[in-house]
>>> print(open('model-v7.cif').read())   # mmCIF, C-alpha atoms
data_upload
loop_
_atom_site.group_PDB
_atom_site.id
_atom_site.type_symbol
_atom_site.label_atom_id
_atom_site.label_comp_id
_atom_site.auth_asym_id
_atom_site.auth_seq_id
_atom_site.Cartn_x
_atom_site.Cartn_y
_atom_site.Cartn_z
ATOM 1 C CA MET A 1 2.429 5.814 21.026
ATOM 2 C CA SER A 2 1.840 9.413 22.113
ATOM 3 C CA GLN A 3 -1.436 11.226 21.548
ATOM 4 C CA GLU A 4 0.357 13.446 19.036
ATOM 5 C CA ASP A 5 1.194 10.383 16.928
ATOM 6 C CA LYS A 6 -2.453 9.314 17.010
ATOM 7 C CA ASN A 7 -3.399 12.323 14.882
ATOM 8 C CA LYS A 8 -0.977 11.373 12.165
ATOM 9 C CA ASN A 9 -1.804 9.289 9.146
ATOM 10 C CA ILE A 10 -1.894 5.525 8.893
ATOM 11 C CA ILE A 11 -0.079 4.321 5.804
ATOM 12 C CA LEU A 12 -0.605 0.784 4.526
ATOM 13 C CA VAL A 13 2.224 -0.764 2.506
ATOM 14 C CA GLY A 14 2.803 -4.252 1.161
ATOM 15 C CA MET A 15 2.705 -6.467 -1.885
ATOM 16 C CA MET A 16 -0.231 -6.285 -4.233
ATOM 17 C CA ALA A 17 -3.270 -8.295 -3.092
ATOM 18 C CA THR A 18 -2.405 -8.221 0.612
ATOM 19 C CA GLY A 19 -5.605 -6.296 1.370
ATOM 20 C CA LYS A 20 -4.430 -2.687 1.563
ATOM 21 C CA SER A 21 -7.453 -1.151 -0.193
ATOM 22 C CA THR A 22 -10.073 -3.287 1.569
ATOM 23 C CA VAL A 23 -8.507 -2.983 5.021
ATOM 24 C CA GLY A 24 -7.887 0.717 4.429
ATOM 25 C CA ALA A 25 -11.588 1.360 3.818
ATOM 26 C CA ILE A 26 -12.552 -0.387 7.064
ATOM 27 C CA LEU A 27 -9.909 1.442 9.124
ATOM 28 C CA ALA A 28 -10.748 4.851 7.653
ATOM 29 C CA GLU A 29 -14.400 4.418 8.571
ATOM 30 C CA GLU A 30 -13.583 3.167 12.072
ATOM 31 C CA LEU A 31 -11.210 6.075 12.784
ATOM 32 C CA GLY A 32 -13.098 8.786 10.913
ATOM 33 C CA TYR A 33 -10.036 9.336 8.719
ATOM 34 C CA GLU A 34 -10.092 10.351 5.071
ATOM 35 C CA LEU A 35 -9.461 7.303 2.888
ATOM 36 C CA VAL A 36 -6.818 7.844 0.217
ATOM 37 C CA ASP A 37 -6.157 5.029 -2.223
ATOM 38 C CA LEU A 38 -2.924 6.237 -3.822
ATOM 39 C CA ASP A 39 -3.538 4.319 -7.054
ATOM 40 C CA HIS A 40 -7.008 5.896 -7.432
ATOM 41 C CA VAL A 41 -5.577 9.393 -6.909
ATOM 42 C CA ILE A 42 -2.934 8.680 -9.572
ATOM 43 C CA ILE A 43 -5.634 7.495 -12.006
ATOM 44 C CA GLU A 44 -7.634 10.689 -11.361
ATOM 45 C CA THR A 45 -4.528 12.896 -11.649
ATOM 46 C CA GLU A 46 -3.333 11.289 -14.878
ATOM 47 C CA GLY A 47 -6.753 10.702 -16.437
ATOM 48 C CA ARG A 48 -5.825 7.148 -17.409
ATOM 49 C CA SER A 49 -5.431 3.708 -15.877
ATOM 50 C CA ILE A 50 -2.249 2.480 -14.251
ATOM 51 C CA ALA A 51 -1.930 -0.123 -17.007
ATOM 52 C CA GLU A 52 -2.070 2.712 -19.581
ATOM 53 C CA ILE A 53 0.521 4.753 -17.672
ATOM 54 C CA PHE A 54 2.882 1.761 -17.609
ATOM 55 C CA ALA A 55 2.289 1.004 -21.306
ATOM 56 C CA GLU A 56 2.603 4.596 -22.511
ATOM 57 C CA ASP A 57 5.259 6.073 -20.206
ATOM 58 C CA GLY A 58 6.849 3.173 -18.316
ATOM 59 C CA GLU A 59 7.345 2.252 -14.691
ATOM 60 C CA GLU A 60 9.896 4.997 -13.971
ATOM 61 C CA TYR A 61 7.394 7.708 -14.933
ATOM 62 C CA PHE A 62 4.654 6.009 -12.892
ATOM 63 C CA ARG A 63 6.925 5.892 -9.816
ATOM 64 C CA SER A 64 7.687 9.624 -10.145
ATOM 65 C CA VAL A 65 3.963 10.442 -10.254
ATOM 66 C CA GLU A 66 3.378 8.073 -7.331
ATOM 67 C CA THR A 67 6.009 9.890 -5.238
ATOM 68 C CA ALA A 68 4.563 13.315 -6.053
ATOM 69 C CA VAL A 69 1.037 12.205 -5.127
ATOM 70 C CA LEU A 70 2.281 10.552 -1.911
ATOM 71 C CA LYS A 71 4.043 13.772 -0.851
ATOM 72 C CA GLN A 72 0.914 15.792 -1.568
ATOM 73 C CA MET A 73 -1.342 13.391 0.379
ATOM 74 C CA LEU A 74 1.000 13.428 3.390
ATOM 75 C CA GLU A 75 0.910 17.224 3.733
ATOM 76 C CA SER A 76 -2.076 16.911 6.077
ATOM 77 C CA GLU A 77 -3.063 14.475 8.818
ATOM 78 C CA ASN A 78 -5.890 12.103 9.726
ATOM 79 C CA LYS A 79 -5.672 10.173 6.492
ATOM 80 C CA LEU A 80 -5.668 6.439 5.900
ATOM 81 C CA ILE A 81 -3.394 5.997 2.892
ATOM 82 C CA SER A 82 -3.390 2.759 0.977
ATOM 83 C CA THR A 83 -0.279 2.676 -1.216
ATOM 84 C CA GLY A 84 0.487 0.655 -4.289
ATOM 85 C CA GLY A 85 2.804 -2.294 -3.689
ATOM 86 C CA GLY A 86 5.798 -0.531 -5.235
ATOM 87 C CA ALA A 87 5.427 2.831 -3.483
ATOM 88 C CA VAL A 88 8.270 1.814 -1.155
ATOM 89 C CA LEU A 89 10.716 1.460 -4.063
ATOM 90 C CA ALA A 90 11.347 5.128 -4.852
ATOM 91 C CA PRO A 91 14.227 6.663 -2.892
ATOM 92 C CA GLY A 92 12.973 8.777 -0.025
ATOM 93 C CA ASN A 93 9.423 7.417 0.080
ATOM 94 C CA THR A 94 10.016 5.202 3.118
ATOM 95 C CA ALA A 95 11.555 8.030 5.165
ATOM 96 C CA LEU A 96 8.682 10.304 4.141
ATOM 97 C CA MET A 97 6.111 7.713 5.222
ATOM 98 C CA LEU A 98 7.824 7.107 8.562
ATOM 99 C CA SER A 99 7.982 10.835 9.293
ATOM 100 C CA LYS A 100 4.353 11.521 8.413
ATOM 101 C CA GLY A 101 2.486 8.567 9.841
ATOM 102 C CA HIS A 102 2.181 5.136 11.343
ATOM 103 C CA VAL A 103 3.300 2.645 8.687
ATOM 104 C CA VAL A 104 1.706 -0.812 8.649
ATOM 105 C CA ALA A 105 2.964 -3.522 6.299
ATOM 106 C CA LEU A 106 0.475 -6.145 5.154
ATOM 107 C CA THR A 107 1.899 -9.471 4.044
ATOM 108 C CA ALA A 108 0.525 -12.762 2.736
ATOM 109 C CA THR A 109 1.966 -16.024 1.512
ATOM 110 C CA GLU A 110 2.945 -16.377 -2.115
ATOM 111 C CA GLU A 111 0.127 -18.893 -2.629
ATOM 112 C CA GLU A 112 -2.441 -16.526 -1.115
ATOM 113 C CA ILE A 113 -1.336 -13.619 -3.312
ATOM 114 C CA ILE A 114 -1.405 -15.774 -6.456
ATOM 115 C CA ALA A 115 -4.926 -16.962 -5.581
ATOM 116 C CA ARG A 116 -6.095 -13.377 -4.970
ATOM 117 C CA VAL A 117 -4.711 -11.971 -8.248
ATOM 118 C CA SER A 118 -5.709 -14.836 -10.536
ATOM 119 C CA GLY A 119 -7.512 -13.409 -13.532
ATOM 120 C CA ASP A 120 -6.992 -9.756 -12.536
ATOM 121 C CA GLU A 121 -6.354 -7.865 -15.788
ATOM 122 C CA ASN A 122 -5.674 -4.547 -14.022
ATOM 123 C CA ARG A 123 -2.222 -5.365 -12.669
ATOM 124 C CA PRO A 124 0.379 -4.346 -15.272
ATOM 125 C CA LEU A 125 3.288 -5.938 -13.411
ATOM 126 C CA LEU A 126 1.597 -9.343 -13.737
ATOM 127 C CA ALA A 127 1.276 -9.368 -17.520
ATOM 128 C CA GLY A 128 2.175 -12.842 -18.750
ATOM 129 C CA ASN A 129 2.657 -15.641 -16.246
ATOM 130 C CA ALA A 130 1.122 -14.277 -13.031
ATOM 131 C CA GLU A 131 2.546 -17.001 -10.777
ATOM 132 C CA GLU A 132 6.086 -16.477 -12.015
ATOM 133 C CA ARG A 133 5.735 -12.678 -11.837
ATOM 134 C CA VAL A 134 4.368 -12.791 -8.262
ATOM 135 C CA ARG A 135 7.266 -15.015 -7.173
ATOM 136 C CA ARG A 136 9.812 -12.694 -8.783
ATOM 137 C CA ILE A 137 8.270 -9.519 -7.356
ATOM 138 C CA MET A 138 8.082 -11.092 -3.877
ATOM 139 C CA GLU A 139 11.710 -12.133 -4.119
ATOM 140 C CA ASP A 140 12.791 -8.687 -5.366
ATOM 141 C CA ARG A 141 10.868 -6.945 -2.579
ATOM 142 C CA GLN A 142 11.429 -9.407 0.270
ATOM 143 C CA ASP A 143 13.001 -6.719 2.482
ATOM 144 C CA ALA A 144 11.192 -3.679 1.033
ATOM 145 C CA TYR A 145 8.508 -3.545 3.731
ATOM 146 C CA LEU A 146 10.674 -4.212 6.794
ATOM 147 C CA PHE A 147 10.848 -0.480 7.613
ATOM 148 C CA ALA A 148 7.191 -0.429 8.740
ATOM 149 C CA HIS A 149 6.275 0.205 12.365
ATOM 150 C CA TYR A 150 4.060 -2.892 12.425
ATOM 151 C CA THR A 151 3.411 -5.917 10.180
ATOM 152 C CA VAL A 152 0.285 -8.065 9.830
ATOM 153 C CA ASP A 153 0.191 -11.341 7.891
ATOM 154 C CA THR A 154 -3.227 -11.284 6.194
ATOM 155 C CA THR A 155 -3.119 -14.921 5.090
ATOM 156 C CA GLY A 156 -6.321 -16.632 6.157
ATOM 157 C CA LEU A 157 -7.703 -13.508 7.876
ATOM 158 C CA THR A 158 -10.715 -11.441 6.891
ATOM 159 C CA ALA A 159 -10.260 -7.729 6.236
ATOM 160 C CA ALA A 160 -12.171 -7.040 9.460
ATOM 161 C CA GLU A 161 -9.764 -9.243 11.445
ATOM 162 C CA VAL A 162 -6.746 -7.508 9.917
ATOM 163 C CA SER A 163 -8.305 -4.130 10.750
ATOM 164 C CA GLN A 164 -8.786 -5.162 14.379
ATOM 165 C CA HIS A 165 -5.113 -6.222 14.640
ATOM 166 C CA ILE A 166 -4.034 -2.834 13.315
ATOM 167 C CA LEU A 167 -6.433 -0.881 15.548
ATOM 168 C CA MET A 168 -5.235 -2.718 18.673
ATOM 169 C CA HIS A 169 -1.651 -1.843 17.832
ATOM 170 C CA TYR A 170 -2.431 1.733 16.771
ATOM 171 C CA ARG A 171 -4.491 2.516 19.829
ATOM 172 C CA GLY A 172 -2.007 0.780 22.113
#
>>> encode(input="model-v7.cif", output="structure tokens")
Amino acid sequence: MSQEDKNKNIILVGMMATGKSTVGAILAEELGYELVDLDHVIIETEGRSIAEIFAEDGEEYFRSVETAVLKQMLESENKLISTGGGAVLAPGNTALMLSKGHVVALTATEEEIIARVSGDENRPLLAGNAEERVRRIMEDRQDAYLFAHYTVDTTGLTAAEVSQHILMHYRG
């Protein structure tokens, strides 16, 4: 990776509960980058929770806000951007991410994700049977993260270990 690329953003993508927010915080501190949790920016922008956005305006509206916020955040460099699991679904978002940063996909086994999200009331896509919903979302998105420059399976790893894998790859 050239030195020019090193000044770009690092963008974390992947299914919910793969560690994007936790790993993102560690990486941002290590690199001196601004940490941007896309979901938190959306909550601030909208003045309501993601669950409320989904309930009141639906997923399509949420995805449009998500795309607008992503574009805005990628206008400058030296940011560590932790995306929501579905940020890769909107047309054009993957090309935008690839052009504006180093994209890292975090993965985990189905069992690991189910264990991590058990009892989490703040995930609107998991309303109802969480296990069944996780399986369906993973199946629907099985190829959605393949565009990333680099992939790390977070199953059984600490956030610090995942961060070290990413840093080794990023720094070459």
>>> resolve_selection(input="model-v7.cif", expression="the PyMOL selection byres ((chain A and resi 114) around 12)", output="MDAnalysis selection string")
chainID A and resid 15:18 108:113 115:120 126 129:138 155
>>> resolve_selection(input="model-v7.cif", expression="the PyMOL selection byres ((chain A and resi 154) around 8)", output="PDB file with C-alpha atoms, keeping the file's coordinate frame")
ATOM      1  CA  THR A  18      -2.405  -8.221   0.612  1.00  0.00           C
ATOM      2  CA  GLY A  19      -5.605  -6.296   1.370  1.00  0.00           C
ATOM      3  CA  LEU A 106       0.475  -6.145   5.154  1.00  0.00           C
ATOM      4  CA  THR A 107       1.899  -9.471   4.044  1.00  0.00           C
ATOM      5  CA  ALA A 108       0.525 -12.762   2.736  1.00  0.00           C
ATOM      6  CA  VAL A 152       0.285  -8.065   9.830  1.00  0.00           C
ATOM      7  CA  ASP A 153       0.191 -11.341   7.891  1.00  0.00           C
ATOM      8  CA  THR A 155      -3.119 -14.921   5.090  1.00  0.00           C
ATOM      9  CA  GLY A 156      -6.321 -16.632   6.157  1.00  0.00           C
ATOM     10  CA  LEU A 157      -7.703 -13.508   7.876  1.00  0.00           C
ATOM     11  CA  THR A 158     -10.715 -11.441   6.891  1.00  0.00           C
ATOM     12  CA  ALA A 159     -10.260  -7.729   6.236  1.00  0.00           C
ATOM     13  CA  VAL A 162      -6.746  -7.508   9.917  1.00  0.00           C
TER      14      VAL A 162
END
>>> closest_residue(input="model-v7.cif", among="A:Val104, A:Leu146, A:Glu77, A:Thr94", to="His165 of chain A", atoms="only C-alpha atoms")
A:Val104
>>> residues_around(input="model-v7.cif", residues="segment 78-82 of chain A", least_positions_apart="2", cutoff="6 Å", atoms="all atoms listed in the file", output="ChimeraX atom specification")
/A:7-12,20-21,28,33-38
>>> resolve_selection(input="model-v7.cif", expression="the PyMOL selection byres ((chain A and resi 87) around 12)", output="NGL selection string")
:A and (11-16 or 37-39 or 42 or 59-60 or 62-71 or 81-86 or 88-97 or 105 or 141 or 144-145)
>>> atom_distance(input="model-v7.cif", atom1="atom CA of Leu74 of chain A", atom2="atom CA of Glu56 of chain A")
27.4 Å
>>> atom_distance(input="model-v7.cif", atom1="atom CA of Gly58 of chain A", atom2="atom CA of Ala148 of chain A")
27.3 Å
>>> atom_distance(input="model-v7.cif", atom1="atom CA of Ile166 of chain A", atom2="atom CA of Ala25 of chain A")
12.8 Å
>>> closest_residue(input="model-v7.cif", among="A:Glu139, A:Leu31, A:Phe147, A:Glu46", to="Ser99 of chain A", atoms="only C-alpha atoms")
A:Phe147
>>> build_atoms(input="model-v7.cif", residues="segment 155-166 of chain A", atoms="all heavy atoms", output="PDB file, in the frame of the given file")
ATOM      1  N   THR A 155      -2.770 -13.592   5.575  1.00  0.00           N
ATOM      2  CA  THR A 155      -3.119 -14.921   5.090  1.00  0.00           C
ATOM      3  C   THR A 155      -4.166 -15.557   6.002  1.00  0.00           C
ATOM      4  O   THR A 155      -3.964 -15.662   7.205  1.00  0.00           O
ATOM      5  CB  THR A 155      -1.873 -15.827   5.017  1.00  0.00           C
ATOM      6  OG1 THR A 155      -0.880 -15.170   4.224  1.00  0.00           O
ATOM      7  CG2 THR A 155      -2.201 -17.189   4.420  1.00  0.00           C
ATOM      8  N   GLY A 156      -5.279 -15.942   5.410  1.00  0.00           N
ATOM      9  CA  GLY A 156      -6.321 -16.632   6.157  1.00  0.00           C
ATOM     10  C   GLY A 156      -7.159 -15.745   7.066  1.00  0.00           C
ATOM     11  O   GLY A 156      -8.013 -16.244   7.801  1.00  0.00           O
ATOM     12  N   LEU A 157      -6.927 -14.427   7.048  1.00  0.00           N
ATOM     13  CA  LEU A 157      -7.703 -13.508   7.876  1.00  0.00           C
ATOM     14  C   LEU A 157      -8.681 -12.720   7.007  1.00  0.00           C
ATOM     15  O   LEU A 157      -8.395 -12.434   5.850  1.00  0.00           O
ATOM     16  CB  LEU A 157      -6.782 -12.511   8.599  1.00  0.00           C
ATOM     17  CG  LEU A 157      -5.768 -13.065   9.588  1.00  0.00           C
ATOM     18  CD1 LEU A 157      -4.901 -11.932  10.140  1.00  0.00           C
ATOM     19  CD2 LEU A 157      -6.457 -13.807  10.721  1.00  0.00           C
ATOM     20  N   THR A 158      -9.800 -12.340   7.588  1.00  0.00           N
ATOM     21  CA  THR A 158     -10.715 -11.441   6.891  1.00  0.00           C
ATOM     22  C   THR A 158     -10.168 -10.021   7.016  1.00  0.00           C
ATOM     23  O   THR A 158      -9.349  -9.734   7.892  1.00  0.00           O
ATOM     24  CB  THR A 158     -12.128 -11.481   7.499  1.00  0.00           C
ATOM     25  OG1 THR A 158     -12.067 -10.945   8.828  1.00  0.00           O
ATOM     26  CG2 THR A 158     -12.687 -12.904   7.517  1.00  0.00           C
ATOM     27  N   ALA A 159     -10.677  -9.138   6.168  1.00  0.00           N
ATOM     28  CA  ALA A 159     -10.260  -7.729   6.236  1.00  0.00           C
ATOM     29  C   ALA A 159     -10.620  -7.139   7.599  1.00  0.00           C
ATOM     30  O   ALA A 159      -9.855  -6.350   8.163  1.00  0.00           O
ATOM     31  CB  ALA A 159     -10.903  -6.933   5.107  1.00  0.00           C
ATOM     32  N   ALA A 160     -11.754  -7.537   8.142  1.00  0.00           N
ATOM     33  CA  ALA A 160     -12.171  -7.040   9.460  1.00  0.00           C
ATOM     34  C   ALA A 160     -11.197  -7.496  10.549  1.00  0.00           C
ATOM     35  O   ALA A 160     -10.859  -6.726  11.456  1.00  0.00           O
ATOM     36  CB  ALA A 160     -13.585  -7.508   9.785  1.00  0.00           C
ATOM     37  N   GLU A 161     -10.729  -8.738  10.459  1.00  0.00           N
ATOM     38  CA  GLU A 161      -9.764  -9.243  11.445  1.00  0.00           C
ATOM     39  C   GLU A 161      -8.433  -8.498  11.335  1.00  0.00           C
ATOM     40  O   GLU A 161      -7.836  -8.142  12.352  1.00  0.00           O
ATOM     41  CB  GLU A 161      -9.543 -10.753  11.250  1.00  0.00           C
ATOM     42  CG  GLU A 161     -10.738 -11.586  11.649  1.00  0.00           C
ATOM     43  CD  GLU A 161     -10.626 -13.049  11.209  1.00  0.00           C
ATOM     44  OE1 GLU A 161      -9.986 -13.342  10.179  1.00  0.00           O
ATOM     45  OE2 GLU A 161     -11.206 -13.904  11.912  1.00  0.00           O
ATOM     46  N   VAL A 162      -7.990  -8.257  10.130  1.00  0.00           N
ATOM     47  CA  VAL A 162      -6.746  -7.508   9.917  1.00  0.00           C
ATOM     48  C   VAL A 162      -6.895  -6.104  10.493  1.00  0.00           C
ATOM     49  O   VAL A 162      -6.013  -5.601  11.193  1.00  0.00           O
ATOM     50  CB  VAL A 162      -6.373  -7.451   8.415  1.00  0.00           C
ATOM     51  CG1 VAL A 162      -5.169  -6.536   8.188  1.00  0.00           C
ATOM     52  CG2 VAL A 162      -6.095  -8.855   7.880  1.00  0.00           C
ATOM     53  N   SER A 163      -8.033  -5.481  10.232  1.00  0.00           N
ATOM     54  CA  SER A 163      -8.305  -4.130  10.750  1.00  0.00           C
ATOM     55  C   SER A 163      -8.241  -4.105  12.270  1.00  0.00           C
ATOM     56  O   SER A 163      -7.676  -3.173  12.853  1.00  0.00           O
ATOM     57  CB  SER A 163      -9.673  -3.650  10.279  1.00  0.00           C
ATOM     58  OG  SER A 163      -9.713  -3.576   8.874  1.00  0.00           O
ATOM     59  N   GLN A 164      -8.804  -5.111  12.917  1.00  0.00           N
ATOM     60  CA  GLN A 164      -8.786  -5.162  14.379  1.00  0.00           C
ATOM     61  C   GLN A 164      -7.361  -5.295  14.910  1.00  0.00           C
ATOM     62  O   GLN A 164      -7.005  -4.654  15.900  1.00  0.00           O
ATOM     63  CB  GLN A 164      -9.668  -6.308  14.897  1.00  0.00           C
ATOM     64  CG  GLN A 164     -11.157  -6.021  14.757  1.00  0.00           C
ATOM     65  CD  GLN A 164     -11.560  -4.683  15.356  1.00  0.00           C
ATOM     66  OE1 GLN A 164     -11.272  -4.381  16.512  1.00  0.00           O
ATOM     67  NE2 GLN A 164     -12.217  -3.852  14.547  1.00  0.00           N
ATOM     68  N   HIS A 165      -6.532  -6.108  14.245  1.00  0.00           N
ATOM     69  CA  HIS A 165      -5.113  -6.222  14.640  1.00  0.00           C
ATOM     70  C   HIS A 165      -4.436  -4.855  14.584  1.00  0.00           C
ATOM     71  O   HIS A 165      -3.710  -4.470  15.503  1.00  0.00           O
ATOM     72  CB  HIS A 165      -4.353  -7.188  13.714  1.00  0.00           C
ATOM     73  CG  HIS A 165      -4.553  -8.634  14.013  1.00  0.00           C
ATOM     74  ND1 HIS A 165      -3.957  -9.265  15.075  1.00  0.00           N
ATOM     75  CD2 HIS A 165      -5.300  -9.570  13.386  1.00  0.00           C
ATOM     76  CE1 HIS A 165      -4.329 -10.537  15.085  1.00  0.00           C
ATOM     77  NE2 HIS A 165      -5.140 -10.746  14.069  1.00  0.00           N
ATOM     78  N   ILE A 166      -4.672  -4.132  13.505  1.00  0.00           N
ATOM     79  CA  ILE A 166      -4.034  -2.834  13.315  1.00  0.00           C
ATOM     80  C   ILE A 166      -4.538  -1.835  14.356  1.00  0.00           C
ATOM     81  O   ILE A 166      -3.764  -1.108  14.971  1.00  0.00           O
ATOM     82  CB  ILE A 166      -4.264  -2.306  11.888  1.00  0.00           C
ATOM     83  CG1 ILE A 166      -3.540  -3.228  10.883  1.00  0.00           C
ATOM     84  CG2 ILE A 166      -3.783  -0.854  11.750  1.00  0.00           C
ATOM     85  CD1 ILE A 166      -3.919  -2.987   9.436  1.00  0.00           C
TER      86      ILE A 166
END
